[in-house]
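Written below as structure tokens is the structure these notes are about.
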Amino acid sequence: MKADARSIVAVLLAGAVSAGAFELPAGMKQCTDRFVRHVIECDFDSAFHIADSLKRADAREPLGPLLRLLAHGMRDLDYDRQIDTAGFLEAHRVSVKRIREYENAHGKTSYTMTLAAFANATHAAYYLRQKRYFAAIGTGLDAVELLHEAKKADSTNYDVDFFLGLYDYAKAELRRHLWMILFWYGGSKAEGIERLKQCIAGARMAGPAAKLSLADIYIQEKDYGKARAVIDELLAAYPKSRFILWTHAKYLMAIERFDAAADVYGALSASYAASRRGEYNALATRRRQIETMCAAGNAPGAGRLAKKTLSGACRKKQWRDHEECAEIRKMLKRGKCGGEGR
């Protein structure tokens, strides 16, 4: 499990909320609001249900298929693996097809360009998570171009500033892998941060996603006071969100509050353990909790938790020889930290 990967949530979640910059068809705004909350809180079954309900309610409207695509992408991001590759690719195909048909019937607007952009961005993020950068570049750059066009068509569409701001900030990392393609692209970290702030202030629904990205950026920039303020706001609104818990753990590790970080990893482990597909994630975050307890100097507690994990989850056949359990055993065998527990 990689906590840094949680920052990609911004790319995908922006798609779920981007429609808030437009007048949605009657009854859809309330459904979209509920969809966003379900996604943030990692209740993906409920998110899929809402997306499919919208899709069935209007066979022409493209929002429902896009939300289904986003739910696939967010679920994969949360579990740090592809849960249903075929389902994701089919959802992308249906979403692109529905948007194209809607544009053929009603014309191209800021609304449709934004939906198309986030369908492309979600597709690109699918390959970025696998470090398949060249597979991602086509739809990724198409998404950026469409977002610029959407902003030009509607200057009040602040939701597109979310992704554009994130891209401005993150393209320095992209350049490391794709310098021959992106060397010409303008913008800067400062401009990216400013776009995100504009999104928080002006977007109707993208606030949580923009705030989460901004918190990650402040941690990266070592501006810990601002990071903590944003994280506190998010935790107050979404205390059970695993996406926000990952960012909170990242912040606590950065300021070397290892005792508190261990508690957050424990909360993550418990949350994954209670979810339908989270057994591996629960084990991986439990290992992080043990290691962080060691870093905090809590050797007895780390040892007890390590032995409890080895006699519990690690006794199961599918995990017995897994890397996570192997590393916990090594800690105890070396007598490092965990060896002192009883």
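Letters A, B, ... go to the chains of the structure tokens in the order shown; residues in each chain start at 1; ligands are counted from 1 in the same order.
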
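Residues in contact with range 214-231 of chain A at up to 7 Å, not including ones fewer than 3 positions away on its chain and judged by only C-alpha atoms, are A:Ser7, A:Ala210, A:Lys211, A:Leu234, A:Leu235, A:Thr247, A:His248, A:Tyr251.
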
Same residues, N, CA and C atoms, saved as an mmCIF file, in the first residue's frame:
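Full text of result_36.cif as output:
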data_model
loop_
_atom_site.group_PDB
_atom_site.id
_atom_site.type_symbol
_atom_site.label_atom_id
_atom_site.label_comp_id
_atom_site.auth_asym_id
_atom_site.auth_seq_id
_atom_site.Cartn_x
_atom_site.Cartn_y
_atom_site.Cartn_z
ATOM 1 N N SER A 7 -3.014 10.659 -3.271
ATOM 2 C CA SER A 7 -3.131 11.995 -3.846
ATOM 3 C C SER A 7 -3.780 11.968 -5.215
ATOM 4 N N ALA A 210 -10.760 19.388 -3.822
ATOM 5 C CA ALA A 210 -9.733 20.421 -3.927
ATOM 6 C C ALA A 210 -8.974 20.558 -2.612
ATOM 7 N N LYS A 211 -9.699 20.497 -1.505
ATOM 8 C CA LYS A 211 -9.051 20.602 -0.192
ATOM 9 C C LYS A 211 -8.111 19.433 0.058
ATOM 10 N N LEU A 234 -11.428 18.700 6.808
ATOM 11 C CA LEU A 234 -11.881 17.502 6.110
ATOM 12 C C LEU A 234 -12.290 16.403 7.084
ATOM 13 N N LEU A 235 -11.512 16.206 8.140
ATOM 14 C CA LEU A 235 -11.834 15.167 9.115
ATOM 15 C C LEU A 235 -13.144 15.482 9.845
ATOM 16 N N THR A 247 -4.194 10.786 4.028
ATOM 17 C CA THR A 247 -3.528 12.095 4.020
ATOM 18 C C THR A 247 -3.150 12.511 5.438
ATOM 19 N N HIS A 248 -4.021 12.215 6.398
ATOM 20 C CA HIS A 248 -3.717 12.540 7.798
ATOM 21 C C HIS A 248 -2.475 11.774 8.262
ATOM 22 N N TYR A 251 0.641 13.316 6.814
ATOM 23 C CA TYR A 251 0.987 14.545 7.536
ATOM 24 C C TYR A 251 1.687 14.222 8.861
#

Please list as a PDB file with C-alpha atoms, in the first residue's frame every residue within 12 Å of Ala150 in chain A, counting only C-alpha atoms and excluding residues in the same chain fewer than 3 positions away.
ATOM      1  CA  SER A  18     -17.387  18.596 -11.885  1.00  0.00           C
ATOM      2  CA  ALA A  19     -21.001  18.499 -12.947  1.00  0.00           C
ATOM      3  CA  ALA A  21     -20.640  23.732 -12.137  1.00  0.00           C
ATOM      4  CA  PHE A  22     -23.694  23.297 -14.354  1.00  0.00           C
ATOM      5  CA  LYS A 108     -20.831  20.505 -27.588  1.00  0.00           C
ATOM      6  CA  THR A 109     -20.979  22.598 -24.412  1.00  0.00           C
ATOM      7  CA  SER A 110     -18.841  23.320 -21.373  1.00  0.00           C
ATOM      8  CA  TYR A 111     -20.863  20.613 -19.610  1.00  0.00           C
ATOM      9  CA  THR A 112     -20.193  17.872 -22.157  1.00  0.00           C
ATOM     10  CA  MET A 113     -16.548  18.855 -22.578  1.00  0.00           C
ATOM     11  CA  THR A 114     -16.047  18.638 -18.819  1.00  0.00           C
ATOM     12  CA  LEU A 115     -17.652  15.197 -18.655  1.00  0.00           C
ATOM     13  CA  ALA A 116     -15.539  14.013 -21.600  1.00  0.00           C
ATOM     14  CA  ALA A 117     -12.410  15.436 -20.001  1.00  0.00           C
ATOM     15  CA  PHE A 118     -12.933  13.527 -16.781  1.00  0.00           C
ATOM     16  CA  ALA A 143      -8.402  15.702 -20.962  1.00  0.00           C
ATOM     17  CA  VAL A 144      -6.313  18.822 -20.314  1.00  0.00           C
ATOM     18  CA  GLU A 145      -7.196  20.271 -23.716  1.00  0.00           C
ATOM     19  CA  LEU A 146     -10.900  19.640 -23.167  1.00  0.00           C
ATOM     20  CA  LEU A 147     -10.785  21.264 -19.732  1.00  0.00           C
ATOM     21  CA  ALA A 153     -16.775  28.209 -23.023  1.00  0.00           C
ATOM     22  CA  ASP A 154     -17.893  28.961 -19.449  1.00  0.00           C
ATOM     23  CA  SER A 155     -15.641  31.151 -17.318  1.00  0.00           C
ATOM     24  CA  THR A 156     -17.757  30.369 -14.220  1.00  0.00           C
ATOM     25  CA  ASN A 157     -16.923  26.658 -14.464  1.00  0.00           C
ATOM     26  CA  TYR A 158     -14.529  26.706 -11.500  1.00  0.00           C
ATOM     27  CA  ASP A 159     -14.695  22.955 -11.123  1.00  0.00           C
ATOM     28  CA  VAL A 160     -12.361  22.482 -14.090  1.00  0.00           C
ATOM     29  CA  ASP A 161      -9.762  24.568 -12.215  1.00  0.00           C
ATOM     30  CA  LEU A 164      -6.040  22.033 -14.163  1.00  0.00           C
TER      31      LEU A 164
END

Which one of A:Tyr126, A:Phe48, A:Phe162, A:Tyr79 sits closest to Gln198 in chain A if you count only C-alpha atoms?
->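 Of the candidates, the smallest distance to Gln198 in chain A is held by A:Phe162.
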
Neighbour list for range 83-89 of chain A as a list of chain:residue names, cut-off 8 Å, only C-alpha atoms, skip fewer than 5 positions in-chain |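 My list of contacting residues is A:Leu69, A:His72, A:Gly73, A:Arg75, A:Asp76.
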
Selected residues, N, CA and C atoms, written as a JSON list (two decimals), in the first residue's frame, please.
[["chain", "number", "residue", "atom", "x", "y", "z"],
["A", 69, "LEU", "N", -18.17, 5.04, -14.10],
["A", 69, "LEU", "CA", -16.74, 4.96, -14.41],
["A", 69, "LEU", "C", -15.91, 5.49, -13.25],
["A", 72, "HIS", "N", -15.75, 3.08, -10.33],
["A", 72, "HIS", "CA", -14.75, 2.04, -10.59],
["A", 72, "HIS", "C", -13.34, 2.55, -10.26],
["A", 73, "GLY", "N", -13.01, 3.73, -10.80],
["A", 73, "GLY", "CA", -11.67, 4.27, -10.60],
["A", 73, "GLY", "C", -11.35, 4.55, -9.15],
["A", 75, "ARG", "N", -12.74, 3.13, -6.49],
["A", 75, "ARG", "CA", -12.63, 1.88, -5.74],
["A", 75, "ARG", "C", -11.26, 1.24, -5.95],
["A", 76, "ASP", "N", -10.78, 1.23, -7.19],
["A", 76, "ASP", "CA", -9.45, 0.70, -7.46],
["A", 76, "ASP", "C", -8.39, 1.48, -6.71]]

Between A:Leu268, A:Ala136, A:Ala105, A:Ala262, single out the one closest to Ala295 in chain A, counting only C-alpha atoms.
->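 Nearest to Ala295 in chain A: A:Ala262.
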
Near-range 307-313 of chain A list (10 Å; only C-alpha atoms; drop same-chain fewer than 5 positions) as number ranges by chain = A: 279-280, 282-283, 286-287, 290, 302, 318-320, 325-326, 328-329, 332, 338-339, 341-342

Put those residues in a file: N, CA and C atoms, as a CSV table (one decimal), in the first residue's frame.
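Output file selection-v3.csv follows:
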chain,number,residue,atom,x,y,z
A,279,GLU,N,-9.3,-7.3,3.0
A,279,GLU,CA,-8.5,-8.2,3.9
A,279,GLU,C,-7.0,-7.9,3.7
A,280,TYR,N,-6.6,-7.8,2.4
A,280,TYR,CA,-5.1,-7.5,2.2
A,280,TYR,C,-4.8,-6.1,2.7
A,282,ALA,N,-6.2,-4.4,5.0
A,282,ALA,CA,-6.1,-4.4,6.5
A,282,ALA,C,-4.8,-4.9,7.0
A,283,LEU,N,-4.3,-6.0,6.3
A,283,LEU,CA,-3.0,-6.5,6.7
A,283,LEU,C,-1.8,-5.6,6.4
A,286,ARG,N,-1.9,-2.8,8.8
A,286,ARG,CA,-1.5,-3.2,10.2
A,286,ARG,C,0.0,-3.3,10.2
A,287,ARG,N,0.7,-3.8,9.2
A,287,ARG,CA,2.1,-3.8,9.2
A,287,ARG,C,2.7,-2.4,9.3
A,290,ILE,N,2.4,-1.3,12.9
A,290,ILE,CA,3.5,-1.9,13.8
A,290,ILE,C,4.8,-1.2,13.6
A,302,ALA,N,4.3,-2.7,19.9
A,302,ALA,CA,4.5,-3.2,18.6
A,302,ALA,C,4.7,-4.7,18.6
A,318,GLN,N,-3.8,-18.0,2.5
A,318,GLN,CA,-3.5,-17.0,1.4
A,318,GLN,C,-2.5,-15.9,1.8
A,319,TRP,N,-2.3,-15.7,3.2
A,319,TRP,CA,-1.4,-14.7,3.6
A,319,TRP,C,-0.1,-15.2,4.3
A,320,ARG,N,-0.1,-16.5,4.6
A,320,ARG,CA,1.0,-17.1,5.4
A,320,ARG,C,2.4,-16.7,4.8
A,325,CYS,N,3.3,-10.4,5.9
A,325,CYS,CA,3.5,-11.3,7.0
A,325,CYS,C,5.0,-11.7,7.2
A,326,ALA,N,5.7,-11.9,6.0
A,326,ALA,CA,7.1,-12.2,6.1
A,326,ALA,C,7.9,-11.0,6.8
A,328,ILE,N,6.7,-8.9,9.0
A,328,ILE,CA,6.4,-8.8,10.4
A,328,ILE,C,7.2,-9.9,11.1
A,329,ARG,N,7.3,-11.1,10.5
A,329,ARG,CA,8.1,-12.2,11.1
A,329,ARG,C,9.6,-11.8,11.2
A,332,LEU,N,10.3,-9.7,14.2
A,332,LEU,CA,10.4,-10.4,15.5
A,332,LEU,C,11.6,-11.3,15.5
A,338,GLY,N,9.8,-5.2,17.8
A,338,GLY,CA,8.7,-6.1,18.1
A,338,GLY,C,9.1,-7.3,19.0
A,339,GLY,N,10.4,-7.6,19.0
A,339,GLY,CA,10.8,-8.8,19.8
A,339,GLY,C,10.6,-8.6,21.3
A,341,GLY,N,7.9,-7.4,22.7
A,341,GLY,CA,6.5,-7.5,23.2
A,341,GLY,C,6.2,-8.8,23.9
A,342,ARG,N,5.1,-8.8,24.7
A,342,ARG,CA,4.7,-10.1,25.4
A,342,ARG,C,3.2,-10.4,25.0

Write out as a list in words the residues lying within 8 Å of Ala71 in chain A, counting only C-alpha atoms and excluding same-chain residues fewer than 5 positions away.
-> Val39, Phe44, Ala47 and Phe48 of chain A

Quick one: of A:Ala135, A:Ala59, A:Cys314, A:Ala201, who's nearest to Glu101 in chain A, counting only C-alpha atoms?
-> A:Ala59

Any chance you could list, as a PyMOL selection string, the residues in range 7-123 of chain A that come up alpha helix (DSSP H) when DSSP is run on the backbone?
-> chain A and resi 9-17+28-40+44-57+63-79+85-106+110-123

Selection from above, C-alpha atoms, as a PDB file, in the first residue's frame, can you write it?
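Just written: again_23.pdb:
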ATOM      1  CA  VAL A   9      -7.836  10.744  -5.650  1.00  0.00           C
ATOM      2  CA  ALA A  10      -8.013  14.377  -6.676  1.00  0.00           C
ATOM      3  CA  VAL A  11      -7.914  13.550 -10.362  1.00  0.00           C
ATOM      4  CA  LEU A  12     -10.782  11.109 -10.121  1.00  0.00           C
ATOM      5  CA  LEU A  13     -12.950  12.791  -7.512  1.00  0.00           C
ATOM      6  CA  ALA A  14     -12.919  15.992  -9.541  1.00  0.00           C
ATOM      7  CA  GLY A  15     -14.800  14.128 -12.224  1.00  0.00           C
ATOM      8  CA  ALA A  16     -17.480  13.102  -9.785  1.00  0.00           C
ATOM      9  CA  VAL A  17     -18.065  16.656  -8.705  1.00  0.00           C
ATOM     10  CA  MET A  28     -29.886  14.829 -10.519  1.00  0.00           C
ATOM     11  CA  LYS A  29     -28.155  17.332  -8.243  1.00  0.00           C
ATOM     12  CA  GLN A  30     -29.361  15.618  -5.076  1.00  0.00           C
ATOM     13  CA  CYS A  31     -28.274  12.239  -6.465  1.00  0.00           C
ATOM     14  CA  THR A  32     -24.868  13.644  -7.411  1.00  0.00           C
ATOM     15  CA  ASP A  33     -24.399  15.130  -3.934  1.00  0.00           C
ATOM     16  CA  ARG A  34     -25.105  11.720  -2.393  1.00  0.00           C
ATOM     17  CA  PHE A  35     -22.793  10.020  -4.875  1.00  0.00           C
ATOM     18  CA  VAL A  36     -19.919  12.318  -3.909  1.00  0.00           C
ATOM     19  CA  ARG A  37     -20.389  11.657  -0.197  1.00  0.00           C
ATOM     20  CA  HIS A  38     -20.562   7.892  -0.753  1.00  0.00           C
ATOM     21  CA  VAL A  39     -17.322   7.988  -2.764  1.00  0.00           C
ATOM     22  CA  ILE A  40     -15.483  10.115  -0.202  1.00  0.00           C
ATOM     23  CA  PHE A  44     -18.716   2.212  -3.346  1.00  0.00           C
ATOM     24  CA  ASP A  45     -21.713  -0.130  -3.487  1.00  0.00           C
ATOM     25  CA  SER A  46     -24.016   2.815  -2.775  1.00  0.00           C
ATOM     26  CA  ALA A  47     -22.144   4.962  -5.301  1.00  0.00           C
ATOM     27  CA  PHE A  48     -22.621   2.308  -8.008  1.00  0.00           C
ATOM     28  CA  HIS A  49     -26.326   2.098  -7.141  1.00  0.00           C
ATOM     29  CA  ILE A  50     -26.800   5.840  -7.639  1.00  0.00           C
ATOM     30  CA  ALA A  51     -24.852   5.855 -10.903  1.00  0.00           C
ATOM     31  CA  ASP A  52     -26.899   2.969 -12.296  1.00  0.00           C
ATOM     32  CA  SER A  53     -30.160   4.578 -11.172  1.00  0.00           C
ATOM     33  CA  LEU A  54     -29.281   7.750 -13.090  1.00  0.00           C
ATOM     34  CA  LYS A  55     -28.244   5.702 -16.097  1.00  0.00           C
ATOM     35  CA  ARG A  56     -31.597   3.874 -16.162  1.00  0.00           C
ATOM     36  CA  ALA A  57     -33.653   7.005 -15.511  1.00  0.00           C
ATOM     37  CA  LEU A  63     -23.841  11.747 -16.242  1.00  0.00           C
ATOM     38  CA  GLY A  64     -24.881   8.310 -14.935  1.00  0.00           C
ATOM     39  CA  PRO A  65     -22.375   6.336 -17.041  1.00  0.00           C
ATOM     40  CA  LEU A  66     -19.606   8.784 -16.100  1.00  0.00           C
ATOM     41  CA  LEU A  67     -20.353   8.367 -12.390  1.00  0.00           C
ATOM     42  CA  ARG A  68     -20.164   4.570 -12.792  1.00  0.00           C
ATOM     43  CA  LEU A  69     -16.742   4.964 -14.409  1.00  0.00           C
ATOM     44  CA  LEU A  70     -15.594   7.208 -11.577  1.00  0.00           C
ATOM     45  CA  ALA A  71     -16.845   4.774  -8.945  1.00  0.00           C
ATOM     46  CA  HIS A  72     -14.750   2.040 -10.594  1.00  0.00           C
ATOM     47  CA  GLY A  73     -11.666   4.273 -10.603  1.00  0.00           C
ATOM     48  CA  MET A  74     -12.093   5.401  -7.020  1.00  0.00           C
ATOM     49  CA  ARG A  75     -12.628   1.881  -5.736  1.00  0.00           C
ATOM     50  CA  ASP A  76      -9.455   0.695  -7.463  1.00  0.00           C
ATOM     51  CA  LEU A  77      -7.610   3.639  -5.954  1.00  0.00           C
ATOM     52  CA  ASP A  78      -8.855   2.917  -2.446  1.00  0.00           C
ATOM     53  CA  TYR A  79      -7.872  -0.754  -2.595  1.00  0.00           C
ATOM     54  CA  THR A  85     -10.503  -4.358 -15.038  1.00  0.00           C
ATOM     55  CA  ALA A  86     -13.078  -5.509 -17.579  1.00  0.00           C
ATOM     56  CA  GLY A  87     -15.803  -3.569 -15.779  1.00  0.00           C
ATOM     57  CA  PHE A  88     -13.685  -0.412 -15.686  1.00  0.00           C
ATOM     58  CA  LEU A  89     -12.848  -0.527 -19.399  1.00  0.00           C
ATOM     59  CA  GLU A  90     -16.463  -1.246 -20.320  1.00  0.00           C
ATOM     60  CA  ALA A  91     -17.639   1.658 -18.148  1.00  0.00           C
ATOM     61  CA  HIS A  92     -15.166   3.930 -19.946  1.00  0.00           C
ATOM     62  CA  ARG A  93     -16.414   2.756 -23.350  1.00  0.00           C
ATOM     63  CA  VAL A  94     -20.064   3.321 -22.424  1.00  0.00           C
ATOM     64  CA  SER A  95     -19.327   6.718 -20.883  1.00  0.00           C
ATOM     65  CA  VAL A  96     -17.461   8.012 -23.952  1.00  0.00           C
ATOM     66  CA  LYS A  97     -20.178   6.667 -26.252  1.00  0.00           C
ATOM     67  CA  ARG A  98     -22.999   8.288 -24.250  1.00  0.00           C
ATOM     68  CA  ILE A  99     -21.200  11.663 -24.146  1.00  0.00           C
ATOM     69  CA  ARG A 100     -20.588  11.558 -27.901  1.00  0.00           C
ATOM     70  CA  GLU A 101     -24.245  10.720 -28.606  1.00  0.00           C
ATOM     71  CA  TYR A 102     -25.407  13.508 -26.294  1.00  0.00           C
ATOM     72  CA  GLU A 103     -23.169  16.020 -28.084  1.00  0.00           C
ATOM     73  CA  ASN A 104     -24.473  14.859 -31.460  1.00  0.00           C
ATOM     74  CA  ALA A 105     -28.020  15.538 -30.263  1.00  0.00           C
ATOM     75  CA  HIS A 106     -27.481  18.731 -28.233  1.00  0.00           C
ATOM     76  CA  SER A 110     -18.841  23.320 -21.373  1.00  0.00           C
ATOM     77  CA  TYR A 111     -20.863  20.613 -19.610  1.00  0.00           C
ATOM     78  CA  THR A 112     -20.193  17.872 -22.157  1.00  0.00           C
ATOM     79  CA  MET A 113     -16.548  18.855 -22.578  1.00  0.00           C
ATOM     80  CA  THR A 114     -16.047  18.638 -18.819  1.00  0.00           C
ATOM     81  CA  LEU A 115     -17.652  15.197 -18.655  1.00  0.00           C
ATOM     82  CA  ALA A 116     -15.539  14.013 -21.600  1.00  0.00           C
ATOM     83  CA  ALA A 117     -12.410  15.436 -20.001  1.00  0.00           C
ATOM     84  CA  PHE A 118     -12.933  13.527 -16.781  1.00  0.00           C
ATOM     85  CA  ALA A 119     -13.750  10.315 -18.613  1.00  0.00           C
ATOM     86  CA  ASN A 120     -10.351  10.727 -20.317  1.00  0.00           C
ATOM     87  CA  ALA A 121      -8.624  11.710 -17.069  1.00  0.00           C
ATOM     88  CA  THR A 122      -9.983   8.635 -15.288  1.00  0.00           C
ATOM     89  CA  HIS A 123      -8.786   6.435 -18.145  1.00  0.00           C
TER      90      HIS A 123
END
